[in-house]
$ cat my_file.cif   # mmCIF, N, CA and C atoms
data_input
loop_
_atom_site.label_atom_id
_atom_site.label_comp_id
_atom_site.auth_asym_id
_atom_site.auth_seq_id
_atom_site.Cartn_x
_atom_site.Cartn_y
_atom_site.Cartn_z
N MET A 115 -4.85 -9.95 -18.94
CA MET A 115 -5.44 -9.32 -17.77
C MET A 115 -6.09 -10.39 -16.90
N ILE A 116 -5.81 -10.34 -15.60
CA ILE A 116 -6.40 -11.33 -14.70
C ILE A 116 -7.75 -10.85 -14.18
N ASN A 117 -8.59 -11.78 -13.78
CA ASN A 117 -9.90 -11.42 -13.26
C ASN A 117 -9.84 -11.27 -11.73
N GLU A 118 -10.96 -10.89 -11.15
CA GLU A 118 -11.02 -10.64 -9.71
C GLU A 118 -10.67 -11.88 -8.88
N GLU A 119 -11.16 -13.03 -9.30
CA GLU A 119 -10.89 -14.27 -8.55
C GLU A 119 -9.41 -14.61 -8.57
N GLU A 120 -8.78 -14.48 -9.73
CA GLU A 120 -7.34 -14.73 -9.83
C GLU A 120 -6.54 -13.72 -9.00
N ALA A 121 -6.99 -12.47 -9.02
CA ALA A 121 -6.33 -11.43 -8.24
C ALA A 121 -6.48 -11.70 -6.74
N ARG A 122 -7.68 -12.14 -6.32
CA ARG A 122 -7.91 -12.47 -4.90
C ARG A 122 -6.99 -13.59 -4.47
N GLN A 123 -6.91 -14.62 -5.29
CA GLN A 123 -6.05 -15.76 -4.97
C GLN A 123 -4.59 -15.32 -4.93
N GLY A 124 -4.15 -14.55 -5.90
CA GLY A 124 -2.77 -14.07 -5.92
C GLY A 124 -2.44 -13.19 -4.73
N PHE A 125 -3.38 -12.31 -4.38
CA PHE A 125 -3.19 -11.43 -3.23
C PHE A 125 -3.03 -12.25 -1.95
N ASN A 126 -3.92 -13.22 -1.75
CA ASN A 126 -3.87 -14.04 -0.54
C ASN A 126 -2.59 -14.89 -0.47
N GLU A 127 -2.19 -15.45 -1.61
CA GLU A 127 -0.96 -16.26 -1.64
C GLU A 127 0.27 -15.40 -1.37
N LEU A 128 0.30 -14.24 -1.97
CA LEU A 128 1.43 -13.33 -1.77
C LEU A 128 1.50 -12.85 -0.33
N ARG A 129 0.36 -12.53 0.24
CA ARG A 129 0.29 -12.10 1.64
C ARG A 129 0.79 -13.21 2.57
N ALA A 130 0.38 -14.45 2.30
CA ALA A 130 0.83 -15.58 3.11
C ALA A 130 2.34 -15.79 2.97
N ALA A 131 2.86 -15.64 1.75
CA ALA A 131 4.30 -15.80 1.52
C ALA A 131 5.09 -14.74 2.27
N LEU A 132 4.58 -13.52 2.31
CA LEU A 132 5.26 -12.45 3.06
C LEU A 132 5.30 -12.78 4.55
N ARG A 133 4.21 -13.32 5.05
CA ARG A 133 4.17 -13.68 6.48
C ARG A 133 5.17 -14.79 6.78
N ARG A 134 5.23 -15.79 5.90
CA ARG A 134 6.19 -16.90 6.10
C ARG A 134 7.63 -16.40 6.04
N ALA A 135 7.86 -15.36 5.24
CA ALA A 135 9.22 -14.83 5.07
C ALA A 135 9.58 -13.82 6.16
N GLY A 136 8.69 -13.63 7.13
CA GLY A 136 8.97 -12.67 8.20
C GLY A 136 8.77 -11.22 7.76
N LEU A 137 8.01 -11.02 6.69
CA LEU A 137 7.75 -9.68 6.18
C LEU A 137 6.27 -9.31 6.30
N ALA A 138 5.65 -9.79 7.36
CA ALA A 138 4.23 -9.55 7.56
C ALA A 138 3.90 -8.06 7.62
N TRP A 139 4.85 -7.25 8.06
CA TRP A 139 4.59 -5.82 8.17
C TRP A 139 4.25 -5.19 6.83
N ILE A 140 4.77 -5.73 5.73
CA ILE A 140 4.43 -5.20 4.40
C ILE A 140 2.94 -5.45 4.13
N ALA A 141 2.51 -6.68 4.33
CA ALA A 141 1.11 -7.03 4.11
C ALA A 141 0.19 -6.25 5.05
N GLU A 142 0.61 -6.08 6.30
CA GLU A 142 -0.21 -5.35 7.27
C GLU A 142 -0.41 -3.90 6.86
N GLN A 143 0.64 -3.25 6.35
CA GLN A 143 0.49 -1.87 5.92
C GLN A 143 -0.44 -1.76 4.72
N VAL A 144 -0.36 -2.70 3.80
CA VAL A 144 -1.27 -2.70 2.65
C VAL A 144 -2.70 -2.94 3.14
N GLU A 145 -2.87 -3.87 4.07
CA GLU A 145 -4.21 -4.16 4.59
C GLU A 145 -4.80 -2.94 5.30
N GLN A 146 -3.97 -2.13 5.98
CA GLN A 146 -4.47 -0.90 6.60
C GLN A 146 -4.99 0.06 5.55
N THR A 147 -4.30 0.15 4.44
CA THR A 147 -4.75 1.01 3.34
C THR A 147 -6.07 0.48 2.76
N VAL A 148 -6.15 -0.83 2.59
CA VAL A 148 -7.36 -1.45 2.03
C VAL A 148 -8.56 -1.20 2.94
N VAL A 149 -8.37 -1.31 4.24
CA VAL A 149 -9.47 -1.11 5.20
C VAL A 149 -10.00 0.32 5.11
N LEU A 150 -9.11 1.29 4.91
CA LEU A 150 -9.55 2.68 4.81
C LEU A 150 -10.37 2.94 3.55
N GLY A 151 -10.14 2.17 2.51
CA GLY A 151 -10.87 2.32 1.27
C GLY A 151 -10.21 3.31 0.33
N LYS A 152 -10.69 3.28 -0.90
CA LYS A 152 -10.14 4.12 -1.96
C LYS A 152 -10.94 5.43 -2.00
N PRO A 153 -10.26 6.59 -1.86
CA PRO A 153 -10.98 7.86 -1.92
C PRO A 153 -11.52 8.13 -3.33
N VAL A 154 -12.78 8.52 -3.41
CA VAL A 154 -13.40 8.88 -4.67
C VAL A 154 -14.26 10.14 -4.46
N THR A 155 -14.44 10.88 -5.54
CA THR A 155 -15.28 12.08 -5.49
C THR A 155 -16.60 11.75 -6.18
N LYS A 156 -17.70 12.11 -5.50
CA LYS A 156 -19.03 11.85 -6.06
C LYS A 156 -19.85 13.12 -5.94
N GLU A 157 -20.78 13.27 -6.89
CA GLU A 157 -21.72 14.39 -6.84
C GLU A 157 -22.99 13.92 -6.16
N ALA A 158 -23.54 14.78 -5.29
CA ALA A 158 -24.79 14.45 -4.61
C ALA A 158 -25.54 15.74 -4.34
N ASP A 159 -26.83 15.59 -4.11
CA ASP A 159 -27.66 16.73 -3.75
C ASP A 159 -27.29 17.15 -2.34
N ALA A 160 -26.78 18.36 -2.20
CA ALA A 160 -26.31 18.85 -0.90
C ALA A 160 -27.43 18.89 0.12
N SER A 161 -28.66 19.05 -0.32
CA SER A 161 -29.77 19.13 0.64
C SER A 161 -29.97 17.82 1.39
N GLU A 162 -29.44 16.73 0.85
CA GLU A 162 -29.53 15.45 1.56
C GLU A 162 -28.67 15.45 2.81
N PHE A 163 -27.63 16.29 2.81
CA PHE A 163 -26.66 16.28 3.90
C PHE A 163 -26.73 17.53 4.78
N ILE A 164 -27.42 18.57 4.30
CA ILE A 164 -27.46 19.84 5.03
C ILE A 164 -28.91 20.14 5.40
N ASP A 165 -29.14 20.49 6.64
CA ASP A 165 -30.47 20.87 7.09
C ASP A 165 -30.84 22.19 6.41
N ASP A 166 -31.96 22.19 5.66
CA ASP A 166 -32.36 23.36 4.89
C ASP A 166 -32.53 24.61 5.76
N GLN A 167 -33.06 24.45 6.95
CA GLN A 167 -33.26 25.61 7.81
C GLN A 167 -31.93 26.20 8.27
N VAL A 168 -30.98 25.33 8.57
CA VAL A 168 -29.67 25.80 9.00
C VAL A 168 -28.95 26.49 7.85
N ALA A 169 -29.07 25.93 6.68
CA ALA A 169 -28.37 26.47 5.52
C ALA A 169 -29.11 27.66 4.90
N GLY A 170 -30.35 27.90 5.32
CA GLY A 170 -31.11 29.01 4.76
C GLY A 170 -31.58 28.75 3.34
N GLN A 171 -31.72 27.52 2.97
CA GLN A 171 -32.16 27.17 1.62
C GLN A 171 -33.65 26.89 1.62
N ARG A 172 -34.25 27.08 0.48
CA ARG A 172 -35.65 26.71 0.32
C ARG A 172 -35.74 25.23 0.00
N ARG A 173 -36.81 24.61 0.48
CA ARG A 173 -37.04 23.19 0.16
C ARG A 173 -37.26 23.03 -1.33
N GLY A 174 -36.84 21.91 -1.86
CA GLY A 174 -37.08 21.61 -3.26
C GLY A 174 -35.98 22.12 -4.18
N ARG A 175 -35.13 22.94 -3.69
CA ARG A 175 -34.03 23.46 -4.50
C ARG A 175 -32.88 22.45 -4.49
N GLN A 176 -32.58 21.92 -5.64
CA GLN A 176 -31.53 20.90 -5.71
C GLN A 176 -30.19 21.58 -5.97
N ARG A 177 -29.21 21.22 -5.18
CA ARG A 177 -27.89 21.81 -5.32
C ARG A 177 -26.86 20.68 -5.29
N LEU A 178 -26.31 20.37 -6.47
CA LEU A 178 -25.32 19.31 -6.55
C LEU A 178 -23.96 19.83 -6.12
N GLN A 179 -23.31 19.05 -5.28
CA GLN A 179 -21.96 19.38 -4.83
C GLN A 179 -21.12 18.11 -4.87
N GLU A 180 -19.81 18.32 -4.93
CA GLU A 180 -18.90 17.18 -4.91
C GLU A 180 -18.54 16.85 -3.47
N PHE A 181 -18.55 15.57 -3.18
CA PHE A 181 -18.17 15.07 -1.86
C PHE A 181 -17.10 14.01 -2.04
N VAL A 182 -16.19 13.94 -1.09
CA VAL A 182 -15.18 12.88 -1.10
C VAL A 182 -15.66 11.78 -0.17
N THR A 183 -15.64 10.58 -0.69
CA THR A 183 -16.04 9.41 0.10
C THR A 183 -15.05 8.28 -0.22
N THR A 184 -15.31 7.12 0.27
CA THR A 184 -14.44 5.98 -0.05
C THR A 184 -15.28 4.84 -0.59
N GLU A 185 -14.61 3.98 -1.33
CA GLU A 185 -15.24 2.75 -1.78
C GLU A 185 -14.21 1.64 -1.66
N PRO A 186 -14.66 0.40 -1.58
CA PRO A 186 -13.71 -0.71 -1.40
C PRO A 186 -12.78 -0.85 -2.61
N TYR A 187 -11.57 -1.31 -2.34
CA TYR A 187 -10.63 -1.65 -3.41
C TYR A 187 -11.05 -2.98 -4.01
N SER A 188 -10.92 -3.11 -5.31
CA SER A 188 -11.13 -4.41 -5.95
C SER A 188 -9.90 -5.28 -5.63
N TYR A 189 -10.01 -6.57 -5.88
CA TYR A 189 -8.85 -7.44 -5.63
C TYR A 189 -7.72 -7.16 -6.60
N VAL A 190 -8.04 -6.74 -7.80
CA VAL A 190 -6.97 -6.35 -8.74
C VAL A 190 -6.22 -5.15 -8.18
N GLU A 191 -6.95 -4.17 -7.64
CA GLU A 191 -6.31 -2.99 -7.04
C GLU A 191 -5.52 -3.37 -5.79
N ARG A 192 -6.05 -4.28 -4.99
CA ARG A 192 -5.34 -4.74 -3.79
C ARG A 192 -4.02 -5.41 -4.17
N LEU A 193 -4.08 -6.25 -5.21
CA LEU A 193 -2.87 -6.93 -5.66
C LEU A 193 -1.85 -5.91 -6.15
N ARG A 194 -2.30 -4.89 -6.88
CA ARG A 194 -1.38 -3.84 -7.33
C ARG A 194 -0.75 -3.11 -6.15
N LEU A 195 -1.55 -2.81 -5.12
CA LEU A 195 -1.01 -2.15 -3.92
C LEU A 195 0.07 -3.00 -3.27
N LEU A 196 -0.19 -4.30 -3.16
CA LEU A 196 0.77 -5.20 -2.54
C LEU A 196 2.04 -5.31 -3.38
N LEU A 197 1.89 -5.40 -4.69
CA LEU A 197 3.06 -5.45 -5.57
C LEU A 197 3.88 -4.16 -5.48
N ASP A 198 3.18 -3.01 -5.42
CA ASP A 198 3.88 -1.73 -5.27
C ASP A 198 4.69 -1.71 -3.98
N ALA A 199 4.09 -2.19 -2.89
CA ALA A 199 4.77 -2.20 -1.59
C ALA A 199 6.01 -3.10 -1.64
N ILE A 200 5.86 -4.27 -2.23
CA ILE A 200 7.01 -5.19 -2.33
C ILE A 200 8.10 -4.57 -3.17
N GLU A 201 7.72 -3.92 -4.25
CA GLU A 201 8.70 -3.28 -5.14
C GLU A 201 9.47 -2.19 -4.40
N ARG A 202 8.76 -1.40 -3.59
CA ARG A 202 9.43 -0.34 -2.82
C ARG A 202 10.40 -0.94 -1.80
N VAL A 203 9.98 -2.02 -1.16
CA VAL A 203 10.85 -2.65 -0.16
C VAL A 203 12.09 -3.26 -0.81
N THR A 204 11.91 -3.89 -1.97
CA THR A 204 13.09 -4.50 -2.61
C THR A 204 14.02 -3.45 -3.18
N ALA A 205 13.55 -2.23 -3.36
CA ALA A 205 14.42 -1.14 -3.82
C ALA A 205 15.20 -0.54 -2.65
N LEU A 206 14.79 -0.84 -1.43
CA LEU A 206 15.45 -0.26 -0.25
C LEU A 206 16.94 -0.57 -0.13
N PRO A 207 17.40 -1.79 -0.45
CA PRO A 207 18.84 -2.05 -0.30
C PRO A 207 19.71 -1.06 -1.07
N ASP A 208 19.29 -0.64 -2.25
CA ASP A 208 20.06 0.36 -3.00
C ASP A 208 20.09 1.68 -2.24
N PHE A 209 18.94 2.06 -1.70
CA PHE A 209 18.85 3.28 -0.90
C PHE A 209 19.70 3.15 0.37
N GLU A 210 19.61 1.98 1.01
CA GLU A 210 20.37 1.75 2.24
C GLU A 210 21.86 1.91 2.00
N ARG A 211 22.36 1.27 0.95
CA ARG A 211 23.79 1.35 0.67
C ARG A 211 24.24 2.80 0.46
N GLN A 212 23.44 3.55 -0.30
CA GLN A 212 23.80 4.94 -0.56
C GLN A 212 23.72 5.77 0.72
N ALA A 213 22.68 5.56 1.54
CA ALA A 213 22.53 6.32 2.78
C ALA A 213 23.68 6.02 3.74
N LEU A 214 24.04 4.74 3.88
CA LEU A 214 25.13 4.37 4.77
C LEU A 214 26.46 4.91 4.27
N ALA A 215 26.65 4.90 2.97
CA ALA A 215 27.88 5.46 2.41
C ALA A 215 27.94 6.96 2.68
N ASP A 216 26.81 7.66 2.49
CA ASP A 216 26.78 9.10 2.74
C ASP A 216 27.03 9.41 4.22
N LEU A 217 26.52 8.54 5.11
CA LEU A 217 26.71 8.75 6.55
C LEU A 217 28.06 8.21 7.04
N GLU A 218 28.74 7.49 6.16
CA GLU A 218 30.00 6.83 6.53
C GLU A 218 29.80 5.95 7.76
N ALA A 219 28.71 5.14 7.71
CA ALA A 219 28.37 4.27 8.83
C ALA A 219 28.24 2.83 8.33
N GLU A 220 28.48 1.88 9.24
CA GLU A 220 28.28 0.47 8.91
C GLU A 220 26.85 0.04 9.19
N THR A 221 26.24 0.60 10.26
CA THR A 221 24.88 0.24 10.67
C THR A 221 24.16 1.47 11.20
N VAL A 222 22.86 1.56 10.88
CA VAL A 222 21.98 2.58 11.45
C VAL A 222 20.76 1.85 11.95
N THR A 223 20.32 2.13 13.19
CA THR A 223 19.16 1.48 13.76
C THR A 223 18.02 2.49 13.86
N PHE A 224 16.85 2.12 13.32
CA PHE A 224 15.65 2.93 13.44
C PHE A 224 14.82 2.35 14.58
N VAL A 225 14.54 3.18 15.57
CA VAL A 225 13.80 2.75 16.75
C VAL A 225 12.36 3.23 16.59
N SER A 226 11.42 2.29 16.67
CA SER A 226 10.01 2.62 16.53
C SER A 226 9.49 3.33 17.76
N GLU A 227 8.57 4.26 17.56
CA GLU A 227 7.92 4.94 18.68
C GLU A 227 6.83 4.08 19.28
N GLN A 228 6.41 3.04 18.56
CA GLN A 228 5.37 2.15 19.06
C GLN A 228 6.04 0.93 19.70
N ASP A 229 5.56 0.57 20.88
CA ASP A 229 6.16 -0.52 21.64
C ASP A 229 6.09 -1.87 20.93
N ASP A 230 5.03 -2.09 20.17
CA ASP A 230 4.84 -3.40 19.56
C ASP A 230 5.57 -3.59 18.24
N GLU A 231 6.28 -2.56 17.76
CA GLU A 231 7.02 -2.69 16.51
C GLU A 231 8.50 -2.86 16.80
N PRO A 232 9.13 -3.81 16.10
CA PRO A 232 10.57 -4.02 16.34
C PRO A 232 11.40 -2.91 15.71
N ASP A 233 12.61 -2.74 16.24
CA ASP A 233 13.55 -1.80 15.65
C ASP A 233 14.04 -2.39 14.33
N ARG A 234 14.46 -1.52 13.42
CA ARG A 234 14.97 -1.99 12.13
C ARG A 234 16.38 -1.46 11.94
N ASP A 235 17.24 -2.34 11.46
CA ASP A 235 18.64 -1.96 11.22
C ASP A 235 18.91 -1.88 9.72
N LEU A 236 19.70 -0.89 9.34
CA LEU A 236 20.28 -0.84 8.01
C LEU A 236 21.74 -1.25 8.17
N GLN A 237 22.16 -2.19 7.35
CA GLN A 237 23.55 -2.65 7.43
C GLN A 237 24.20 -2.53 6.07
N ARG A 238 25.44 -2.16 6.07
CA ARG A 238 26.15 -1.94 4.82
C ARG A 238 26.32 -3.23 4.02
N GLY A 239 26.70 -4.30 4.64
CA GLY A 239 26.99 -5.53 3.90
C GLY A 239 25.76 -6.36 3.63
N ARG A 240 25.65 -6.89 2.43
CA ARG A 240 24.59 -7.83 2.05
C ARG A 240 25.25 -9.11 1.59
N THR A 241 24.66 -10.22 1.99
CA THR A 241 25.21 -11.49 1.55
C THR A 241 24.78 -11.74 0.11
N PRO A 242 25.53 -12.56 -0.63
CA PRO A 242 25.11 -12.91 -1.99
C PRO A 242 23.72 -13.54 -2.03
N ASP A 243 23.38 -14.33 -1.00
CA ASP A 243 22.05 -14.95 -0.95
C ASP A 243 20.95 -13.90 -0.84
N GLU A 244 21.19 -12.88 -0.02
CA GLU A 244 20.20 -11.81 0.13
C GLU A 244 19.99 -11.08 -1.19
N GLU A 245 21.08 -10.81 -1.88
CA GLU A 245 20.98 -10.12 -3.17
C GLU A 245 20.27 -10.98 -4.20
N ALA A 246 20.57 -12.27 -4.22
CA ALA A 246 19.91 -13.18 -5.17
C ALA A 246 18.42 -13.26 -4.88
N THR A 247 18.06 -13.33 -3.61
CA THR A 247 16.65 -13.38 -3.22
C THR A 247 15.94 -12.10 -3.64
N ARG A 248 16.59 -10.98 -3.42
CA ARG A 248 16.01 -9.69 -3.79
C ARG A 248 15.76 -9.63 -5.30
N ARG A 249 16.71 -10.10 -6.08
CA ARG A 249 16.55 -10.08 -7.53
C ARG A 249 15.41 -11.02 -7.98
N ARG A 250 15.30 -12.19 -7.33
CA ARG A 250 14.21 -13.12 -7.66
C ARG A 250 12.85 -12.51 -7.33
N VAL A 251 12.77 -11.84 -6.19
CA VAL A 251 11.50 -11.20 -5.81
C VAL A 251 11.15 -10.10 -6.81
N GLN A 252 12.13 -9.29 -7.19
CA GLN A 252 11.88 -8.24 -8.17
C GLN A 252 11.41 -8.83 -9.50
N ALA A 253 12.00 -9.93 -9.93
CA ALA A 253 11.59 -10.57 -11.18
C ALA A 253 10.16 -11.10 -11.06
N ALA A 254 9.81 -11.69 -9.91
CA ALA A 254 8.46 -12.20 -9.71
C ALA A 254 7.44 -11.06 -9.72
N VAL A 255 7.79 -9.94 -9.12
CA VAL A 255 6.89 -8.78 -9.12
C VAL A 255 6.67 -8.29 -10.55
N GLN A 256 7.73 -8.25 -11.35
CA GLN A 256 7.58 -7.82 -12.74
C GLN A 256 6.68 -8.77 -13.53
N GLU A 257 6.83 -10.07 -13.30
CA GLU A 257 5.98 -11.05 -13.97
C GLU A 257 4.51 -10.86 -13.57
N ALA A 258 4.27 -10.62 -12.29
CA ALA A 258 2.91 -10.40 -11.81
C ALA A 258 2.32 -9.13 -12.43
N ARG A 259 3.13 -8.10 -12.57
CA ARG A 259 2.66 -6.85 -13.20
C ARG A 259 2.26 -7.09 -14.65
N LYS A 260 3.01 -7.94 -15.35
CA LYS A 260 2.68 -8.25 -16.74
C LYS A 260 1.30 -8.94 -16.81
N ALA A 261 1.03 -9.81 -15.84
CA ALA A 261 -0.26 -10.50 -15.81
C ALA A 261 -1.40 -9.52 -15.54
N LEU A 262 -1.12 -8.46 -14.79
CA LEU A 262 -2.15 -7.46 -14.49
C LEU A 262 -2.41 -6.53 -15.66
N ALA A 263 -1.43 -6.39 -16.53
CA ALA A 263 -1.56 -5.41 -17.63
C ALA A 263 -2.56 -5.83 -18.68
#

$ encode --input "my_file.cif" --output "structure tokens"
Amino acid sequence: MINEEEARQGFNELRAALRRAGLAWIAEQVEQTVVLGKPVTKEADASEFIDDQVAGQRRGRQRLQEFVTTEPYSYVERLRLLLDAIERVTALPDFERQALADLEAETVTFVSEQDDEPDRDLQRGRTPDEEATRRRVQAAVQEARKALA
């Protein structure tokens, strides 16, 4: 099991590698999730959050209720999120091939509704280099998962 410092270093190195490989969008989506925080349920005295006069409650009466809030992700959790995202992306070529075969198409282009995002193409053919790279990335993700376990 790796510690927080090792996870932070691994997360940052992996994020930088994705950017160098032109896959910054994977890291950016994970970072958006990290910024939002991890949802957790906590119990608290409801009178802290509700005006007693509005709620018709007497002062001094403690009423515990569950509230949903967020807390920061640890670096180990961040690394797991990033590894999950990479794993999903590397599984896409199998999905792409099946989808294109079902559609009987050579290429499908997904056009983003946001101006600052590039369009993405699915193409039937993959070069041997692309497949080898995909397999190496999948193997590296599996090795990283073993270190996290």

$ atom_distance --input "my_file.cif" --atom1 "atom C of Thr247 in chain A" --atom2 "CA of Ala263 in chain A"
23.4 Å

$ residues_around --input "my_file.cif" --residues "range 181-183 of chain A" --least-positions-apart "4" --cutoff "8 Å" --atoms "all atoms listed in the file" --output "mmCIF file with N, CA and C atoms, in the coordinates of the input"
data_model
loop_
_atom_site.group_PDB
_atom_site.id
_atom_site.type_symbol
_atom_site.label_atom_id
_atom_site.label_comp_id
_atom_site.auth_asym_id
_atom_site.auth_seq_id
_atom_site.Cartn_x
_atom_site.Cartn_y
_atom_site.Cartn_z
ATOM 1 N N GLY A 151 -10.140 2.170 2.510
ATOM 2 C CA GLY A 151 -10.870 2.320 1.270
ATOM 3 C C GLY A 151 -10.210 3.310 0.330
ATOM 4 N N LYS A 152 -10.690 3.280 -0.900
ATOM 5 C CA LYS A 152 -10.140 4.120 -1.960
ATOM 6 C C LYS A 152 -10.940 5.430 -2.000
ATOM 7 N N PRO A 153 -10.260 6.590 -1.860
ATOM 8 C CA PRO A 153 -10.980 7.860 -1.920
ATOM 9 C C PRO A 153 -11.520 8.130 -3.330
ATOM 10 N N VAL A 154 -12.780 8.520 -3.410
ATOM 11 C CA VAL A 154 -13.400 8.880 -4.670
ATOM 12 C C VAL A 154 -14.260 10.140 -4.460
ATOM 13 N N THR A 155 -14.440 10.880 -5.540
ATOM 14 C CA THR A 155 -15.280 12.080 -5.490
ATOM 15 C C THR A 155 -16.600 11.750 -6.180
ATOM 16 N N LYS A 156 -17.700 12.110 -5.500
ATOM 17 C CA LYS A 156 -19.030 11.850 -6.060
ATOM 18 C C LYS A 156 -19.850 13.120 -5.940
ATOM 19 N N GLU A 157 -20.780 13.270 -6.890
ATOM 20 C CA GLU A 157 -21.720 14.390 -6.840
ATOM 21 C C GLU A 157 -22.990 13.920 -6.160
ATOM 22 N N ALA A 158 -23.540 14.780 -5.290
ATOM 23 C CA ALA A 158 -24.790 14.450 -4.610
ATOM 24 C C ALA A 158 -25.540 15.740 -4.340
#

$ resolve_selection --input "my_file.cif" --expression "the PyMOL selection byres (((chain A and resi 128-144 and name CA) around 8) and name CA)" --output "number ranges by chain"
A: 124-127, 145-148, 192, 195-196, 199-200

$ closest_residue --input "my_file.cif" --among "A:Leu150, A:Val203, A:Ala219, A:Met115" --to "Val251 in chain A" --atoms "only C-alpha atoms"
A:Val203

$ atom_distance --input "my_file.cif" --atom1 "CA of Ala121 in chain A" --atom2 "atom N of Leu193 in chain A"
6.4 Å

$ atom_distance --input "my_file.cif" --atom1 "CA of Gln123 in chain A" --atom2 "CA of Glu257 in chain A"
15.7 Å

$ closest_residue --input "my_file.cif" --among "A:Asp159, A:Asp230, A:Asp198, A:Glu120" --to "Glu180 in chain A" --atoms "all atoms listed in the file"
A:Asp159

$ closest_residue --input "my_file.cif" --among "A:Gln228, A:Asn117, A:Gln256, A:Thr184" --to "Thr204 in chain A" --atoms "only C-alpha atoms"
A:Gln256
